[in-house]
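Coordinates as given in my_file-v5.cif (mmCIF, C-alpha atoms):
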data_run
#
loop_
_atom_site.label_atom_id
_atom_site.label_comp_id
_atom_site.auth_asym_id
_atom_site.auth_seq_id
_atom_site.Cartn_x
_atom_site.Cartn_y
_atom_site.Cartn_z
CA MET L 1 -156.66 -103.85 149.07
CA SER L 2 -156.73 -103.18 145.31
CA ASN L 3 -159.41 -104.82 143.20
CA THR L 4 -156.97 -105.39 140.37
CA PRO L 5 -155.22 -108.80 140.03
CA GLU L 6 -152.43 -109.39 142.53
CA GLY L 7 -152.74 -105.87 143.87
CA LEU L 8 -151.63 -104.16 140.68
CA SER L 9 -152.67 -100.53 140.29
CA ALA L 10 -155.12 -99.68 137.51
CA GLU L 11 -152.36 -97.80 135.66
CA ALA L 12 -149.94 -100.72 135.91
CA LEU L 13 -152.62 -103.13 134.73
CA ALA L 14 -153.45 -100.89 131.76
CA THR L 15 -149.76 -100.75 130.86
CA ASP L 16 -149.48 -104.54 131.13
CA MET L 17 -152.56 -105.03 128.93
CA THR L 18 -151.22 -102.53 126.42
CA GLN L 19 -147.88 -104.31 126.21
CA SER L 20 -149.57 -107.70 125.76
CA SER L 21 -151.68 -106.32 122.88
CA ARG L 22 -148.69 -104.85 121.06
CA GLY L 23 -147.83 -108.00 119.21
CA ARG L 24 -151.39 -109.01 118.31
CA TRP L 25 -152.94 -107.79 115.08
CA THR L 26 -156.65 -107.05 115.53
CA GLN L 27 -159.66 -106.17 113.37
CA HIS L 28 -159.30 -102.61 114.67
CA ASP L 29 -155.83 -102.45 113.08
CA THR L 30 -157.07 -103.89 109.78
CA ASN L 31 -159.91 -101.37 109.64
CA TRP L 32 -157.49 -98.49 110.05
CA VAL L 33 -155.16 -99.86 107.36
CA LEU L 34 -158.14 -99.88 104.99
CA SER L 35 -159.14 -96.36 106.07
CA LEU L 36 -155.69 -94.92 105.48
CA PHE L 37 -155.35 -96.82 102.20
CA GLY L 38 -158.70 -95.42 101.07
CA THR L 39 -157.66 -91.89 102.01
CA ALA L 40 -154.45 -92.19 99.99
CA VAL L 41 -155.92 -93.80 96.88
CA GLY L 42 -157.92 -90.95 95.37
CA ALA L 43 -158.62 -89.98 91.80
CA GLY L 44 -154.93 -89.15 91.39
CA ILE L 45 -154.08 -92.83 90.96
CA LEU L 46 -155.76 -92.73 87.54
CA PHE L 47 -153.25 -90.08 86.40
CA LEU L 48 -150.21 -91.37 88.34
CA PRO L 49 -149.02 -93.83 85.62
CA ILE L 50 -149.06 -91.02 83.05
CA ASN L 51 -147.25 -88.54 85.28
CA ILE L 52 -144.51 -90.99 86.28
CA GLY L 53 -144.25 -93.09 83.12
CA ILE L 54 -143.82 -90.17 80.76
CA GLY L 55 -140.19 -89.79 81.87
CA GLY L 56 -139.20 -93.29 80.77
CA PHE L 57 -137.73 -96.30 82.58
CA TRP L 58 -135.12 -94.85 84.97
CA PRO L 59 -137.29 -92.27 86.79
CA LEU L 60 -140.00 -94.92 87.19
CA ALA L 61 -137.55 -97.49 88.62
CA ILE L 62 -135.86 -95.05 91.02
CA MET L 63 -139.11 -93.55 92.27
CA ALA L 64 -140.50 -97.07 92.82
CA LEU L 65 -137.55 -97.78 95.16
CA LEU L 66 -138.03 -94.51 97.06
CA ALA L 67 -141.84 -94.66 97.33
CA PHE L 68 -142.00 -96.83 100.46
CA PRO L 69 -139.51 -94.93 102.67
CA MET L 70 -140.96 -91.59 101.53
CA THR L 71 -144.52 -92.68 102.36
CA TYR L 72 -143.92 -94.61 105.58
CA LEU L 73 -141.34 -92.36 107.24
CA ALA L 74 -143.26 -89.15 106.52
CA HIS L 75 -146.58 -90.39 107.92
CA ARG L 76 -144.84 -92.03 110.88
CA GLY L 77 -143.23 -88.69 111.67
CA LEU L 78 -146.57 -86.87 111.59
CA ALA L 79 -148.19 -89.52 113.81
CA ARG L 80 -145.31 -89.26 116.29
CA PHE L 81 -145.79 -85.50 116.33
CA VAL L 82 -149.50 -85.81 117.20
CA LEU L 83 -148.76 -88.41 119.89
CA SER L 84 -146.01 -86.24 121.45
CA SER L 85 -148.54 -84.02 123.23
CA LYS L 86 -148.71 -84.06 127.02
CA ASN L 87 -152.50 -83.85 126.73
CA LYS L 88 -153.92 -87.25 125.78
CA ASP L 89 -156.95 -85.70 124.03
CA SER L 90 -155.00 -83.31 121.78
CA ASP L 91 -155.76 -83.15 118.07
CA PHE L 92 -153.44 -81.62 115.46
CA THR L 93 -154.43 -78.01 116.23
CA ASP L 94 -153.82 -78.54 119.96
CA VAL L 95 -150.40 -80.12 119.39
CA VAL L 96 -149.03 -77.39 117.10
CA GLU L 97 -150.16 -74.72 119.57
CA GLU L 98 -148.57 -76.64 122.47
CA HIS L 99 -145.21 -76.99 120.71
CA PHE L 100 -144.98 -73.81 118.60
CA GLY L 101 -146.99 -71.28 120.64
CA ALA L 102 -150.46 -69.82 120.16
CA THR L 103 -149.77 -67.56 117.16
CA ALA L 104 -147.60 -69.95 115.16
CA GLY L 105 -149.84 -72.86 116.15
CA ARG L 106 -152.96 -71.21 114.81
CA LEU L 107 -151.20 -70.21 111.60
CA ILE L 108 -150.02 -73.81 111.01
CA SER L 109 -153.50 -75.12 111.83
CA LEU L 110 -155.04 -72.65 109.37
CA LEU L 111 -152.58 -73.76 106.67
CA TYR L 112 -153.39 -77.38 107.49
CA PHE L 113 -157.10 -76.72 106.94
CA PHE L 114 -156.47 -74.93 103.64
CA SER L 115 -154.23 -77.77 102.44
CA ILE L 116 -157.15 -80.21 102.80
CA PHE L 117 -160.22 -78.14 101.97
CA PRO L 118 -159.42 -77.49 98.26
CA ILE L 119 -159.02 -81.25 97.78
CA LEU L 120 -162.56 -81.73 99.11
CA LEU L 121 -163.81 -79.21 96.55
CA ILE L 122 -161.98 -81.06 93.78
CA TYR L 123 -163.47 -84.39 94.92
CA GLY L 124 -166.98 -82.89 95.10
CA VAL L 125 -166.69 -81.82 91.46
CA GLY L 126 -164.98 -85.06 90.41
CA LEU L 127 -167.59 -87.30 92.03
CA THR L 128 -170.47 -85.37 90.45
CA ASN L 129 -168.83 -85.50 87.01
CA THR L 130 -168.04 -89.22 87.33
CA VAL L 131 -171.59 -90.22 88.31
CA ASP L 132 -173.16 -87.92 85.70
CA SER L 133 -170.89 -89.32 82.97
CA PHE L 134 -171.61 -92.91 84.02
CA MET L 135 -175.39 -92.34 83.97
CA VAL L 136 -175.26 -90.71 80.52
CA ASN L 137 -172.66 -92.86 78.75
CA GLN L 138 -172.91 -96.30 80.35
CA LEU L 139 -176.53 -96.39 81.57
CA GLU L 140 -177.79 -94.30 78.63
CA MET L 141 -179.92 -92.12 80.90
CA ALA L 142 -180.68 -88.43 80.53
CA SER L 143 -178.27 -86.16 82.41
CA PRO L 144 -179.83 -85.47 85.85
CA SER L 145 -180.11 -82.06 87.51
CA ARG L 146 -176.57 -81.17 88.57
CA VAL L 147 -177.90 -79.26 91.58
CA LEU L 148 -179.84 -82.28 92.85
CA LEU L 149 -177.21 -84.90 91.95
CA SER L 150 -174.33 -83.05 93.64
CA ALA L 151 -176.46 -82.35 96.74
CA LEU L 152 -177.36 -86.03 97.12
CA LEU L 153 -173.78 -87.25 96.60
CA VAL L 154 -172.13 -84.75 98.97
CA ALA L 155 -174.87 -85.18 101.61
CA GLY L 156 -174.51 -88.97 101.39
CA MET L 157 -170.76 -88.87 102.03
CA ILE L 158 -171.12 -86.39 104.90
CA ALA L 159 -173.86 -88.59 106.43
CA ILE L 160 -171.33 -91.44 106.63
CA MET L 161 -168.96 -89.09 108.47
CA LEU L 162 -171.66 -88.07 110.94
CA GLY L 163 -172.35 -91.75 111.69
CA GLY L 164 -169.23 -91.96 113.84
CA GLU L 165 -165.92 -93.84 113.74
CA LYS L 166 -167.44 -97.34 113.51
CA LEU L 167 -169.64 -96.48 110.51
CA LEU L 168 -166.72 -94.67 108.86
CA LEU L 169 -164.40 -97.66 109.25
CA ARG L 170 -167.13 -99.99 107.96
CA ALA L 171 -167.64 -97.75 104.93
CA PHE L 172 -163.91 -97.78 104.20
CA ALA L 173 -163.88 -101.58 104.39
CA LEU L 174 -166.79 -101.81 101.94
CA LEU L 175 -165.12 -99.38 99.52
CA VAL L 176 -161.49 -100.45 99.71
CA TYR L 177 -161.89 -104.20 99.15
CA PRO L 178 -163.47 -103.77 95.70
CA LEU L 179 -160.97 -101.01 94.89
CA VAL L 180 -158.03 -103.32 95.68
CA GLY L 181 -159.67 -106.15 93.76
CA ILE L 182 -160.30 -104.04 90.65
CA LEU L 183 -156.78 -102.58 90.69
CA LEU L 184 -155.30 -106.07 90.95
CA MET L 185 -157.60 -107.39 88.21
CA LEU L 186 -156.71 -104.56 85.84
CA SER L 187 -153.00 -104.91 86.58
CA LEU L 188 -153.07 -108.63 85.77
CA TYR L 189 -155.31 -108.12 82.74
CA LEU L 190 -152.71 -105.82 81.15
CA ILE L 191 -149.77 -108.22 81.60
CA PRO L 192 -150.16 -109.86 78.13
CA HIS L 193 -149.89 -106.36 76.63
CA TRP L 194 -146.60 -105.54 78.36
CA GLN L 195 -143.78 -104.30 76.17
CA ALA L 196 -140.09 -104.41 77.09
CA PRO L 197 -139.12 -100.93 78.30
CA VAL L 198 -136.54 -98.95 76.36
CA VAL L 199 -133.52 -98.85 78.67
CA THR L 200 -130.83 -96.37 77.64
CA THR L 201 -127.89 -94.78 79.46
CA PRO L 202 -129.53 -91.92 81.34
CA ASP L 203 -128.50 -88.29 81.01
CA ILE L 204 -127.62 -87.41 84.61
CA ALA L 205 -128.76 -83.79 84.40
CA GLY L 206 -132.04 -84.67 82.70
CA LEU L 207 -132.66 -87.60 85.04
CA SER L 208 -131.99 -85.45 88.11
CA GLU L 209 -134.46 -82.80 86.98
CA THR L 210 -137.10 -85.42 86.15
CA LEU L 211 -136.68 -87.06 89.55
CA TRP L 212 -136.81 -83.70 91.33
CA LEU L 213 -140.04 -82.71 89.59
CA SER L 214 -141.50 -86.20 90.20
CA VAL L 215 -141.09 -86.05 94.00
CA PRO L 216 -144.39 -84.17 94.58
CA ILE L 217 -146.23 -86.68 92.38
CA ILE L 218 -145.09 -89.59 94.56
CA VAL L 219 -145.65 -87.66 97.79
CA PHE L 220 -149.24 -86.72 97.07
CA SER L 221 -150.24 -89.89 95.25
CA PHE L 222 -149.58 -91.82 98.46
CA SER L 223 -150.51 -89.12 100.98
CA HIS L 224 -152.96 -89.94 103.75
CA ALA L 225 -151.85 -87.04 105.96
CA ALA L 226 -155.40 -85.68 106.29
CA ALA L 227 -156.45 -88.69 108.40
CA ILE L 228 -153.28 -89.02 110.54
CA SER L 229 -154.39 -86.81 113.43
CA SER L 230 -157.70 -88.66 113.88
CA PHE L 231 -155.87 -91.96 113.35
CA ALA L 232 -153.24 -91.20 116.02
CA ASN L 233 -155.88 -90.15 118.55
CA ALA L 234 -157.91 -93.29 117.85
CA GLN L 235 -154.83 -95.42 118.62
CA ARG L 236 -154.20 -93.45 121.81
CA ARG L 237 -157.77 -94.12 122.95
CA HIS L 238 -157.56 -97.78 121.98
CA TYR L 239 -153.99 -98.70 123.00
CA ALA L 240 -153.04 -96.05 125.59
CA ASN L 241 -149.28 -96.36 126.19
CA GLY L 242 -148.91 -98.70 123.22
CA ALA L 243 -150.32 -96.15 120.75
CA SER L 244 -146.97 -95.17 119.24
CA HIS L 245 -145.89 -98.77 118.66
CA LYS L 246 -149.24 -99.76 117.14
CA SER L 247 -149.44 -96.61 115.01
CA GLU L 248 -146.08 -97.43 113.43
CA ALA L 249 -147.15 -101.02 112.71
CA ILE L 250 -150.42 -99.89 111.08
CA LEU L 251 -148.68 -97.18 109.05
CA ARG L 252 -145.99 -99.62 107.91
CA ASN L 253 -148.60 -102.10 106.68
CA THR L 254 -150.61 -99.33 105.04
CA SER L 255 -147.53 -98.13 103.17
CA LEU L 256 -146.66 -101.68 102.05
CA MET L 257 -150.20 -102.23 100.82
CA LEU L 258 -150.13 -98.94 98.92
CA ILE L 259 -146.77 -99.66 97.32
CA VAL L 260 -147.66 -103.21 96.26
CA PHE L 261 -151.06 -102.49 94.72
CA VAL L 262 -150.48 -99.00 93.37
CA LEU L 263 -147.03 -99.64 91.90
CA LEU L 264 -148.22 -102.91 90.34
CA PHE L 265 -150.99 -100.91 88.68
CA VAL L 266 -148.57 -98.15 87.63
CA PHE L 267 -146.01 -100.58 86.18
CA SER L 268 -148.70 -102.55 84.38
CA CYS L 269 -150.09 -99.39 82.77
CA VAL L 270 -146.67 -97.97 81.90
CA LEU L 271 -145.41 -101.21 80.35
CA SER L 272 -148.59 -101.41 78.27
CA LEU L 273 -148.07 -97.96 76.75
CA SER L 274 -145.11 -96.25 75.10
CA PRO L 275 -143.73 -92.88 76.32
CA GLU L 276 -145.26 -91.31 73.19
CA GLN L 277 -148.68 -92.67 74.14
CA MET L 278 -148.18 -91.37 77.68
CA ARG L 279 -147.50 -87.89 76.33
CA GLU L 280 -150.58 -88.19 74.10
CA ALA L 281 -152.71 -89.14 77.11
CA LYS L 282 -151.33 -86.23 79.11
CA ALA L 283 -152.04 -83.81 76.26
CA ALA L 284 -155.61 -85.12 76.05
CA ASN L 285 -155.99 -84.68 79.84
CA VAL L 286 -157.65 -88.09 80.27
CA SER L 287 -157.07 -90.76 82.91
CA VAL L 288 -154.95 -93.78 82.10
CA LEU L 289 -158.02 -96.05 82.13
CA SER L 290 -159.83 -93.84 79.63
CA TYR L 291 -156.79 -93.86 77.36
CA LEU L 292 -156.34 -97.64 77.68
CA ALA L 293 -160.01 -98.18 76.85
CA ASN L 294 -159.56 -96.14 73.67
CA VAL L 295 -156.29 -97.86 72.69
CA TYR L 296 -157.59 -101.40 73.21
CA ASP L 297 -161.21 -100.58 72.33
CA ASN L 298 -162.22 -102.58 75.39
CA PRO L 299 -165.69 -102.16 76.98
CA PHE L 300 -164.45 -104.01 80.10
CA ILE L 301 -161.95 -101.22 80.88
CA ALA L 302 -164.45 -98.56 79.81
CA MET L 303 -166.96 -99.85 82.38
CA LEU L 304 -164.43 -100.29 85.19
CA GLY L 305 -162.95 -96.80 84.72
CA PRO L 306 -165.93 -94.89 86.20
CA LEU L 307 -166.32 -97.51 88.95
CA VAL L 308 -162.68 -97.16 90.05
CA ALA L 309 -162.97 -93.37 89.92
CA PHE L 310 -166.18 -93.42 92.01
CA ILE L 311 -164.75 -95.72 94.69
CA ALA L 312 -161.38 -93.92 94.81
CA ILE L 313 -162.91 -90.43 95.04
CA THR L 314 -165.48 -91.48 97.67
CA SER L 315 -162.96 -93.22 99.95
CA SER L 316 -160.47 -90.37 99.67
CA PHE L 317 -163.20 -87.77 100.25
CA LEU L 318 -164.12 -89.45 103.55
CA GLY L 319 -160.51 -89.42 104.79
CA HIS L 320 -159.94 -85.79 103.81
CA PHE L 321 -163.26 -84.64 105.31
CA LEU L 322 -162.13 -86.26 108.56
CA GLY L 323 -159.05 -84.00 108.65
CA ALA L 324 -160.88 -80.86 107.50
CA ARG L 325 -163.62 -81.29 110.09
CA GLU L 326 -161.15 -81.82 112.92
CA SER L 327 -158.96 -78.85 111.99
CA PHE L 328 -161.96 -76.52 111.51
CA ASN L 329 -163.37 -77.48 114.92
CA GLY L 330 -159.99 -77.01 116.59
CA LEU L 331 -159.43 -73.59 115.03
CA LEU L 332 -162.87 -72.18 115.78
CA SER L 333 -162.99 -73.52 119.34
CA LYS L 334 -159.86 -71.47 120.11
CA GLN L 335 -161.25 -68.31 118.52
CA SER L 336 -164.79 -68.31 119.96
CA SER L 337 -166.83 -69.20 123.02
CA LEU L 338 -169.23 -71.41 121.07
CA SER L 339 -169.84 -74.94 122.29
CA VAL L 340 -167.98 -77.82 120.63
CA GLY L 341 -171.23 -79.33 119.38
CA LEU L 342 -172.39 -76.09 117.76
CA ILE L 343 -168.97 -75.53 116.16
CA ASP L 344 -169.06 -79.04 114.68
CA LYS L 345 -172.56 -78.51 113.21
CA LEU L 346 -171.54 -75.12 111.84
CA GLY L 347 -168.38 -76.55 110.24
CA VAL L 348 -170.19 -79.48 108.65
CA GLY L 349 -172.90 -77.15 107.34
CA LEU L 350 -170.48 -74.63 105.87
CA MET L 351 -168.33 -77.31 104.23
CA PHE L 352 -171.41 -79.00 102.75
CA ILE L 353 -172.58 -75.71 101.21
CA ALA L 354 -169.09 -74.87 99.86
CA ILE L 355 -168.54 -78.34 98.31
CA TRP L 356 -172.08 -78.40 96.91
CA VAL L 357 -171.82 -74.94 95.33
CA CYS L 358 -168.43 -75.80 93.86
CA ALA L 359 -169.74 -79.10 92.46
CA VAL L 360 -172.64 -77.25 90.80
CA MET L 361 -170.43 -74.52 89.35
CA ASN L 362 -167.80 -77.01 88.10
CA PRO L 363 -165.02 -74.40 87.92
CA SER L 364 -161.74 -74.89 86.05
CA ILE L 365 -159.77 -73.13 88.81
CA LEU L 366 -159.58 -76.34 90.85
CA ASP L 367 -156.23 -77.41 89.38
CA MET L 368 -154.68 -74.18 90.61
CA MET L 369 -156.21 -74.68 94.05
CA GLY L 370 -154.72 -78.16 94.18
CA ALA L 371 -151.32 -76.75 93.28
CA ILE L 372 -151.62 -74.21 96.09
CA SER L 373 -152.51 -76.89 98.65
CA GLY L 374 -149.59 -79.04 97.47
CA PRO L 375 -146.68 -77.09 99.03
CA ILE L 376 -148.63 -76.74 102.28
CA ILE L 377 -149.14 -80.51 102.54
CA ALA L 378 -145.41 -81.04 101.91
CA MET L 379 -144.50 -78.57 104.65
CA ILE L 380 -146.92 -80.14 107.16
CA LEU L 381 -146.15 -83.77 106.29
CA PHE L 382 -142.36 -83.53 105.90
CA ILE L 383 -140.84 -80.31 107.18
CA MET L 384 -142.91 -79.36 110.25
CA PRO L 385 -142.59 -82.75 112.05
CA THR L 386 -138.82 -82.68 111.39
CA ILE L 387 -138.53 -79.20 112.92
CA ALA L 388 -140.51 -80.47 115.91
CA ILE L 389 -137.96 -83.28 116.44
CA PHE L 390 -135.28 -80.63 117.13
CA LYS L 391 -137.61 -78.47 119.23
CA VAL L 392 -139.78 -80.82 121.27
CA PRO L 393 -138.11 -82.73 124.15
CA ALA L 394 -140.52 -85.67 123.76
CA LEU L 395 -139.17 -86.25 120.22
CA LYS L 396 -135.46 -85.73 120.87
CA GLN L 397 -134.66 -89.46 120.63
CA TYR L 398 -135.27 -89.23 116.86
CA ARG L 399 -132.76 -86.42 116.21
CA ASN L 400 -129.87 -88.62 115.11
CA HIS L 401 -131.96 -91.01 113.00
CA LEU L 402 -131.10 -91.17 109.30
CA GLY L 403 -134.81 -91.22 108.44
CA THR L 404 -135.24 -87.76 109.98
CA TYR L 405 -132.81 -86.16 107.54
CA PHE L 406 -134.16 -88.19 104.62
CA ILE L 407 -137.68 -86.87 105.24
CA LEU L 408 -136.42 -83.30 105.62
CA LEU L 409 -134.58 -83.59 102.28
CA VAL L 410 -137.67 -85.03 100.55
CA GLY L 411 -139.81 -82.23 101.99
CA ILE L 412 -137.44 -79.53 100.71
CA LEU L 413 -137.33 -81.19 97.27
CA ALA L 414 -141.13 -81.50 97.15
CA VAL L 415 -141.80 -77.89 98.14
CA SER L 416 -139.12 -76.48 95.82
CA ALA L 417 -140.36 -78.57 92.87
CA LEU L 418 -143.95 -77.48 93.44
CA LEU L 419 -142.96 -73.83 93.67
CA TYR L 420 -140.84 -74.22 90.51
CA ASN L 421 -143.81 -75.72 88.66
CA MET L 422 -146.11 -72.95 89.87
CA ALA L 423 -143.61 -70.27 88.80
CA GLY L 424 -143.27 -71.91 85.41
#
Could you render the structure from this file as structure tokens?
Amino acid sequence: MSNTPEGLSAEALATDMTQSSRGRWTQHDTNWVLSLFGTAVGAGILFLPINIGIGGFWPLAIMALLAFPMTYLAHRGLARFVLSSKNKDSDFTDVVEEHFGATAGRLISLLYFFSIFPILLIYGVGLTNTVDSFMVNQLEMASPSRVLLSALLVAGMIAIMLGGEKLLLRAFALLVYPLVGILLMLSLYLIPHWQAPVVTTPDIAGLSETLWLSVPIIVFSFSHAAAISSFANAQRRHYANGASHKSEAILRNTSLMLIVFVLLFVFSCVLSLSPEQMREAKAANVSVLSYLANVYDNPFIAMLGPLVAFIAITSSFLGHFLGARESFNGLLSKQSSLSVGLIDKLGVGLMFIAIWVCAVMNPSILDMMGAISGPIIAMILFIMPTIAIFKVPALKQYRNHLGTYFILLVGILAVSALLYNMAG
């Protein structure tokens, strides 16, 4: 006789428990919302109001309406792709090889790694510059050794990663709550400075081009694709058969949280500055907080600027390192006979050295590297999961969904706009 209640099999009991947990929101779910939010809100948020607001009212309004479906549907599609594997322990590299074959799978996995890794280099430099600037300008200290400062900062963030999933989720919670609070505080603080936007009849051709070129900005300002594979596998371990349902609920709430807080911040900044001031800020290559501090001569904003940058870069670094580490381990394990533990140590060591060296050198080539990683992220986040829907039997139920074609269209627009910008 079975030891499970009323003779149920272990599998049936697990399914029953999974179904009963579907409707309940747990601390586990909240922690992952914060983790994904932290991954998405990087240093780019400080430049997002300038990049979007410079086109005037109509592009801002239209992109605000499209931001949620673009963010939620794309990340839901990628999570569904990871969860479509027959092997319950598959990460992103395993799934692409399973569905697209060994050669194509390894190529996609390699592209996935190189879409994330340059962002880590950028964040390593950005974090070092932010802390150095804060120590010199706000704390009035002498500039520390860049070699030592960058080593301590990068090693500290990697140490959090090596502490495991629980420590990582705890770190995200500690970082994201103040980030959300500061964003909300700044957004509300700027309300008395709002100016009525200039609303004119839009030029259709000009508006279309502006919207087209703005798609990548929205896509990557809200992207948390680097953490989706680890996220999906964590839900599969935690919820078993209910992983897909729970993943969608967590991603939906993450997207809503991103849209509410980030767009409130964007609108508040844009309505506080004129398009001419936006263009001036872009020409000066400064963040919106730095420009606002200069315009209003406000020490409150000047102090919060570095703090927001530090928290945003750190939280996003952790999420992107998660994806880079997983993809590196998956790639090397398929190309060598080394043990998984040794591969992980080797990957962490190599990435630490690369990020550290880059942070010390402080090269100007990072913008170009970011532009190169951009089209790859668009292809992996939007186009590849859509192709999988028409190729993988486990995903065939999504073939006639309107959202599938919407995401494919957004992906094509994002890639083409990025390539156009690079060619220009």
List the residues matched by the PyMOL selection byres ((chain L and resi 300-304) around 12) in the displayed structure as JSON, numbers by chain, ordered by chain and then by residue number.
-> {"L": [46, 130, 133, 134, 135, 137, 138, 139, 178, 179, 181, 182, 183, 185, 186, 187, 189, 190, 287, 288, 289, 290, 291, 292, 293, 294, 295, 296, 297, 298, 299, 305, 306, 307, 308, 309, 310, 311, 312]}
File of the preceding selection, C-alpha atoms, as a compact mmCIF listing (two decimals), in the frame of the given file:
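Below is the file that was written, part_26.txt:
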# COMPACT_ATOMS: atom_id res chain seq x y z
CA LEU L 46 -155.76 -92.73 87.54
CA THR L 130 -168.04 -89.22 87.33
CA SER L 133 -170.89 -89.32 82.97
CA PHE L 134 -171.61 -92.91 84.02
CA MET L 135 -175.39 -92.34 83.97
CA ASN L 137 -172.66 -92.86 78.75
CA GLN L 138 -172.91 -96.30 80.35
CA LEU L 139 -176.53 -96.39 81.57
CA PRO L 178 -163.47 -103.77 95.70
CA LEU L 179 -160.97 -101.01 94.89
CA GLY L 181 -159.67 -106.15 93.76
CA ILE L 182 -160.30 -104.04 90.65
CA LEU L 183 -156.78 -102.58 90.69
CA MET L 185 -157.60 -107.39 88.21
CA LEU L 186 -156.71 -104.56 85.84
CA SER L 187 -153.00 -104.91 86.58
CA TYR L 189 -155.31 -108.12 82.74
CA LEU L 190 -152.71 -105.82 81.15
CA SER L 287 -157.07 -90.76 82.91
CA VAL L 288 -154.95 -93.78 82.10
CA LEU L 289 -158.02 -96.05 82.13
CA SER L 290 -159.83 -93.84 79.63
CA TYR L 291 -156.79 -93.86 77.36
CA LEU L 292 -156.34 -97.64 77.68
CA ALA L 293 -160.01 -98.18 76.85
CA ASN L 294 -159.56 -96.14 73.67
CA VAL L 295 -156.29 -97.86 72.69
CA TYR L 296 -157.59 -101.40 73.21
CA ASP L 297 -161.21 -100.58 72.33
CA ASN L 298 -162.22 -102.58 75.39
CA PRO L 299 -165.69 -102.16 76.98
CA GLY L 305 -162.95 -96.80 84.72
CA PRO L 306 -165.93 -94.89 86.20
CA LEU L 307 -166.32 -97.51 88.95
CA VAL L 308 -162.68 -97.16 90.05
CA ALA L 309 -162.97 -93.37 89.92
CA PHE L 310 -166.18 -93.42 92.01
CA ILE L 311 -164.75 -95.72 94.69
CA ALA L 312 -161.38 -93.92 94.81
Picked residues, the PyMOL selection byres ((chain L and resi 208-217) around 10), expected as a PyMOL selection string = chain L and resi 44+47-48+51-52+54-56+58-60+62-63+66-67+70+202-207+218-223+374-375+377-378+410-411+413-418+420-421
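Distances here use all atoms listed in the file; by that measure, the residue among L:Ser84, L:Ile355, L:Trp194, L:Phe231 closest to L:Val125 is L:Ile355.
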For each of L:Leu111, L:Met157, L:Val270, L:Val33, take the minimum atom-to-atom distance to L:Ala171, counting only C-alpha atoms, then give the residue where this is smallest.
-> L:Met157
Take every atom of stretch 271-276 of chain L listed in the file, pad by 4 Å on each side, and give me the axis-aligned box centre and edge lengths in Å, one decimal, as lines of an AutoDock Vina configuration file.
center_x = -146.2
center_y = -96.4
center_z = 76.8
size_x = 12.9
size_y = 18.1
size_z = 15.2
Residues returned when the PyMOL selection byres ((chain L and resi 380) around 10) runs on this file, as an NGL selection string | :L and (74 or 78 or 108-109 or 111-112 or 115 or 225 or 375-379 or 381-386 or 411)
Which one of L:Ala142, L:Leu331, L:Ala283, L:Ala226 sits closest to L:Leu107 if you count all atoms listed in the file?
->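 Closest candidate: L:Leu331.
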Please measure the separation of atom CA of L:Glu326 and atom CA of L:Val131, giving the value in Å to one decimal.
->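 These atoms are spaced 28.0 Å apart.
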How many Å lie between atom CA of L:Lys86 and atom CA of L:Phe406, rounded to one decimal?
-> 27.0 Å
Identify which of the residues L:Met161, L:Phe117, L:Phe267, L:Arg252 lies closest to L:Ala64, counting only C-alpha atoms when measuring atom-to-atom distances.
-> L:Phe267
What gap, in Å, lies between atom CA of L:Val95 and atom CA of L:Ala388?
->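 Between atom CA of L:Val95 and atom CA of L:Ala388 the gap works out to 10.5 Å.
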All residues 7 Å or closer to L:Ser315, only C-alpha atoms, same chain fewer than 5 positions away omitted, as number ranges by chain | L: 38-39, 172, 175
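With only C-alpha atoms as the basis for measurement, L:Ser35 is the residue among L:Asn400, L:Ser35, L:Thr200, L:Ser90 that approaches L:Arg170 most closely.
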Have a look at L:Ser268, L:Gln27, L:Ser85, L:Gln277 and name the one nearest to L:Ala196; count all atoms listed in the file.
->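 Checking each of L:Ser268, L:Gln27, L:Ser85, L:Gln277 against L:Ala196, counting all atoms listed in the file, the winner is L:Ser268.
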